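To keep things clear, I will list the structure first and then write my remarks on it.
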Amino acid sequence: MNGKHPRRTECQPGQSTRRRPRIMTRAALTGIAFLPWLALSTLSAEPDPGSRGEHVLGRTESRVAAELLVDASSVAPGDRVRVGVLIDLDPGWHIYWRHSGDSGLPTKLSWRAPDAEIGPTQWPAPKVFREQEGLLTTFGYENDVLLTSAAVVSRGAQERWRLEVDVDFVACLLQCIPGHIQLAREMPISVRGAPPPPAIRDRFDLAESRLPRTAESLGVVVAARASQPSAAAGDDIELVLEVISCVGPESDPSRDCRPWTLDANYADQAFIPAAASNLGLSALGLSHPPATPTDDARGFSLALVAHAFEDEPQIGGQRLRGVVPLAGPGGRAHLAVDVPVVPVAEGADRAAFEVVAALSSSPRDEGHAGDGGRPAGVGAPSLVWALVLGLLGGLILNLMPCVLPVLAIKVFGIADLARAERSHVVKHGLAYLSGVLVSMAALASVVIALRAAGTAVGWGFQLQNPVFLAVVCTILVVFAMNLFGAFDITLQASGPALGSSTRSASPSRSFFEGTLAVALATPCTAPFLGTAVGFAFASSGVVIFAVFTSIGVGLAAPYVLVTLIPGWARFVPRPGAWMLRIREVLGFSLLATVVWLAWVAGRAVGADAQGLLLAHLVAIAFLVWIFGTVQTAARPIATRVVAAATVALAVVSLSALPLSPAPRATSLDAAPSSGGINWRPFDPSAIDRERAAGRPVFVDFTADWCITCKVNETVVLADEAVQEELERWEYATFKADWTLRDDAITHELAEWGRAGVPMYLVYPADPSRPPELLPELLTLNATLKALRAAGRAGGA
């Protein structure tokens with residue numbers, strides 16, 4: 001009960017199907033695919049035996065290379081050693097597993113060793129291939145694979161130990177070509193065997209780690225149930241495979257036992273039949289969690305369908321054999337399934353066979369299981385309400401650490417204008433508003449252009465670009481040098497008597513500070529802002545402009561109101577020498593922002609590029625100091641020349657920086673872990689599988705450049721009470737890292753009506769219950785309440 005057809009010839013399809021026409025199509029395709037190489041096989045020449053060999057694949061330049069390896073440098077009589085054949089394939093080609101599936105032929109090793117007994121071939125877990133435009137599903141290996149066996153040297157062996165092996169295989173790309181390689185190797189026989197080079201031993205250990213493991217070695221209990229005791233030809237029988245972790249000694253409360261979960265995104269990956277049979281098997285998805293013998297035990301149920309190709313009077317006489325991929329805290333593993341099938345009693349509850357989280361049939365199916373857990377209409381606001389939320393969000397954004405330094409600079413700058421005419425003060429307010437609105441309009445235009453080009457974007461998307469980070473760092477260093485008094489941002493070239501930083505600035509400076517406020521605002525979010533921006537990004541271009549304008553009005557409102565309402569200015573302290581010190585302190589706050597942005601850039605491009613960026617910023621500061629020296633000397637022509645040269649050198653330096661994003665780890669073993677929480681990379685299919693296994697799920701959508709995210713992580717998520725709740729209810733925790741562009745995360749944010757991070761989702765263990773969306777600014781009590789509620793809803 002672990003494969004496909006009852007009597008299978010070499011070229012007969014082996015994968016299950018529920019329609020006879022498809023079976024005939026597969027058989028025809030298989031026959032056509034293999035006719036050419038069956039004719040060519042008689043012409044293939046065998047190379048002279050050696051420890052290494054290769055086979056040219058037809059008339060192509062591609063080759064399959066093979067090498068006979070022994071886990072020893074010398075052997076002694078009676079030794080037990082590992083032997084194997086390392087098969088190396090050119091890119092794109094693959095060979096077949098012991099059960100090839102719908103097409104192909106199993107790879108075969110024929111050993112000859114007069115002075116040894118060679119055990120059966122040990123097969124690493126295979127990869128699933130889809131051939132003939134997805135009509136055929138096969139199982140095999142690409143790149144390279146080491147097929148091993150255990151060899152016991154004869155006690156009568158003397159002097160030299162000789163091994164020979166014939167390797168027969170079929171290699172496929174767009175066409176399939178058979179191959180045959182003969183290998184031989186002699187080794188010295190000594191009184192005591194010697195180990196091999198470390199690289200050889202490591203290779204054998206790697207191959208052994210990829211072998212499917214028994215249920216006992218993984219600490220799980222496996223059972224298979226069928227919906228009926230017998231079947232007629234053409235019937236479909238419902239099956240369920242139950243895998244239960246933390247049973248028996250493994251469930252000791254003193255031991256931190258974490259359950260294994262299914263590690264497959266597609267149905268044909270979830271269960272790989274070990275051989276052909278008269279029942280064709282196909283995985284469907286996850287069913288309800290199985291009943292467990294103890295409260296601490298956890299498990300999942302994989303629902304399958306078996307198509308009977310002929311009458312099967314005794315389903316209970318079958319065994320379910322195959323390979324199931326698993327994921328756990330320690331990494332990935334493959335479970336070797338070999339259990340009897342037990343039909344359920346007549347009248348028994350059939351809920352065990354119900355699919356609650358379906359698996360996609362192929363990678364072309366973009367949907368994923370568990371859509372019932374996705375937002376079915378996340379309260380889309382009206383346009384008027386979105387504009388109000390945008391205005392409030394922009395207003396609150398001034399209190400975020402991203403914008404607060406710039407706002408403080410502007411408010412204290414009003415004291416600098418104490419003796420200026422009222423009209424001049426108003427000009428500064430309107431210039432600041434213009435700078436904010438022009439920047440918001442530019443940002444909206446970029447969003448619309450990218451969306452028209454088919455690119456998904458979100459709030460703060462520009463900070464996913466290391467080049468933008470470098471430009472903002474450069475601007476901030478220049479602005480900080482201005483606050484330190486090194487030069488003045490003005491349309492005039494001459495400097496003041498008391499230093500360039502004490503003279504009343506022109507409105508052009510306020511315009512520039514408005515643009516700077518927008519650039520620094522995007523790493524932060526605020527209450528109401530996420531809903532407004534999410535509504536805008538899901539709407540037309542006109543709505544995007546309208547919402548971004550409302551955010552800009554809110555962002556500029558505090559300073560503009562102070563300049564427009566005369567009575568508010570009296571709350572600003574009187575000017576004096578203390579203002580120079582305040583400006584310098586604010587300059588250091590901008591440098592602190594530079595340090596943070598440089599850290600974010602370093603996380604994206606690597607430490608070497610980060611070092612070059614810091615050197616670039618030091619050079620910019622030096623050039624600005626030179627410019628300030630010339631400006632103070634009141635030489636207009638020289639000032640303009642030095643200013644142009646400084647800008648040109650800054651542009652050249654920026655363009656020379658190596659700012660290409662470095663590869664980021666995405667494997668399960670490389671999942672980010674911090675603050676005592678075992679984070680796993682974001683994977684919607686894995687979330688559905690965890691819920692189907694009866695575990696609640698917590699998902700953190702974050703980014704390195706998101707200050708609000710870091711505040712939430714430090715103040716709330718790192719709290720011991722939160723971590724205790726996550727551990728108490730055995731939460732599966734996923735981190736959606738949006739530091740660099742990730743379309744899957746962008747799409748998930750959009751589904752929840754959000755256009756940026758942070759976002760936090762708490763999924764109850766019961767798959768039928770919807771998840772809870774937490775606010776952007778987390779509080780400890782609200783987070784604990786949500787975690788407890790979801791944990792109790794079907795949890796432990």
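Simple scheme: letters A, B, ... for chains in structure tokens order, numbers from 1 for residues in each chain, numbers from 1 for ligands in the order shown.
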Would you pick out the contacts of Pro91 (chain A) at 10 Å or less, using only C-alpha atoms, so that residues sharing its chain but fewer than 6 positions from it are not included, and give the list as an MDAnalysis selection string? chainID A and resid 62:63 142:144 173
Please identify every residue of region 75-180 of chain A that has at least one atom no farther than 10 Å from an atom of region 319-336 of chain A, counting only C-alpha atoms, and for each give the shortest atom pair and the distance in Å to one decimal, arranged by chain then increasing number, as a Markdown table.
| residue | atom | partner | partner_atom | distance |
| --- | --- | --- | --- | --- |
| A:His99 | CA | A:Gly322 | CA | 9.9 |
| A:Pro124 | CA | A:His334 | CA | 9.2 |
| A:Ala125 | CA | A:His334 | CA | 6.8 |
| A:Pro126 | CA | A:Val323 | CA | 9.0 |
Could you dump the residues just selected with all heavy atoms as a PDB file, in the first residue's frame?
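This is the output file selection.pdb:
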ATOM      1  N   HIS A  99      12.146   4.126  -5.639  1.00  0.00           N
ATOM      2  CA  HIS A  99      10.839   4.128  -6.293  1.00  0.00           C
ATOM      3  C   HIS A  99      10.784   5.400  -7.112  1.00  0.00           C
ATOM      4  O   HIS A  99      10.678   6.496  -6.580  1.00  0.00           O
ATOM      5  CB  HIS A  99       9.719   4.097  -5.257  1.00  0.00           C
ATOM      6  CG  HIS A  99       8.346   4.278  -5.845  1.00  0.00           C
ATOM      7  ND1 HIS A  99       7.952   3.674  -7.015  1.00  0.00           N
ATOM      8  CD2 HIS A  99       7.270   4.999  -5.421  1.00  0.00           C
ATOM      9  CE1 HIS A  99       6.706   4.008  -7.288  1.00  0.00           C
ATOM     10  NE2 HIS A  99       6.283   4.822  -6.343  1.00  0.00           N
ATOM     11  N   PRO A 124      19.073   8.084   0.717  1.00  0.00           N
ATOM     12  CA  PRO A 124      18.659   9.366   1.319  1.00  0.00           C
ATOM     13  C   PRO A 124      17.269   9.762   0.846  1.00  0.00           C
ATOM     14  O   PRO A 124      16.800   9.317  -0.212  1.00  0.00           O
ATOM     15  CB  PRO A 124      19.722  10.352   0.814  1.00  0.00           C
ATOM     16  CG  PRO A 124      20.905   9.493   0.458  1.00  0.00           C
ATOM     17  CD  PRO A 124      20.332   8.196  -0.038  1.00  0.00           C
ATOM     18  N   ALA A 125      16.604  10.576   1.638  1.00  0.00           N
ATOM     19  CA  ALA A 125      15.263  11.039   1.262  1.00  0.00           C
ATOM     20  C   ALA A 125      15.325  11.759  -0.085  1.00  0.00           C
ATOM     21  O   ALA A 125      16.213  12.584  -0.318  1.00  0.00           O
ATOM     22  CB  ALA A 125      14.712  11.969   2.334  1.00  0.00           C
ATOM     23  N   PRO A 126      14.402  11.452  -0.991  1.00  0.00           N
ATOM     24  CA  PRO A 126      14.472  12.018  -2.346  1.00  0.00           C
ATOM     25  C   PRO A 126      13.809  13.387  -2.443  1.00  0.00           C
ATOM     26  O   PRO A 126      13.094  13.834  -1.541  1.00  0.00           O
ATOM     27  CB  PRO A 126      13.707  10.995  -3.179  1.00  0.00           C
ATOM     28  CG  PRO A 126      12.641  10.511  -2.231  1.00  0.00           C
ATOM     29  CD  PRO A 126      13.283  10.493  -0.859  1.00  0.00           C
TER      30      PRO A 126
END
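Separating CA of Val344 (chain A) from CA of Ala276 (chain A) is a distance of 24.4 Å.
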So how far away is CA of Ala692 (chain A) from CA of Gly219 (chain A), in Å?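 Interatomic distance here is 20.2 Å.
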Extract, using only C-alpha atoms, all DNA, RNA and protein residues at most 9 Å from Ala519 (chain A), discarding same-chain residues fewer than 4 positions from it, and format them as a PyMOL selection string. chain A and resi 439+472+514-515+523
Distance criterion (only C-alpha atoms): nearest to Asn278 (chain A) out of A:Leu516, A:Ile551, A:Val247, A:Ala231: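 Nearest candidate to Asn278 (chain A) out of A:Leu516, A:Ile551, A:Val247, A:Ala231: A:Ala231.
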If you run DSSP on this backbone, which residues of region 176-346 of chain A come out as strand (DSSP E), and could you give them as a ChimeraX atom specification? /A:176-188,220-226,236-245,261-262,272-273,279-286,298-308,319-328,331-343
If we count only C-alpha atoms and set the cut-off at 9 Å, which residues sit around Thr474 (chain A), ignoring sequence neighbours fewer than 4 positions away in its own chain? Please answer as a list of chain:residue names. A:Leu469, A:Ala470, A:Val478, A:Phe479, A:Val594, A:His616, A:Leu617, A:Ile620, A:Ala621, A:Ala650, A:Leu654
Atomic separation - CA of Lys127 (chain A) relative to CA of Glu164 (chain A), Å: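 Computing the Euclidean distance for CA of Glu164 (chain A) and CA of Lys127 (chain A) yields 28.0 Å.
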Can you tell me which residues surround Phe701 (chain A) at a distance of at most 7 Å, considering only C-alpha atoms, apart from same-chain residues fewer than 2 positions away, and format the answer as a VMD selection string? chain A and resid 699 735 to 737 757 to 760
Pick from A:Ile687, A:Val562, A:Ala604, A:Val595, whichever lies nearest to Leu761 (chain A) using only C-alpha atoms: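 Under the stated criterion, the closest residue is A:Ile687.
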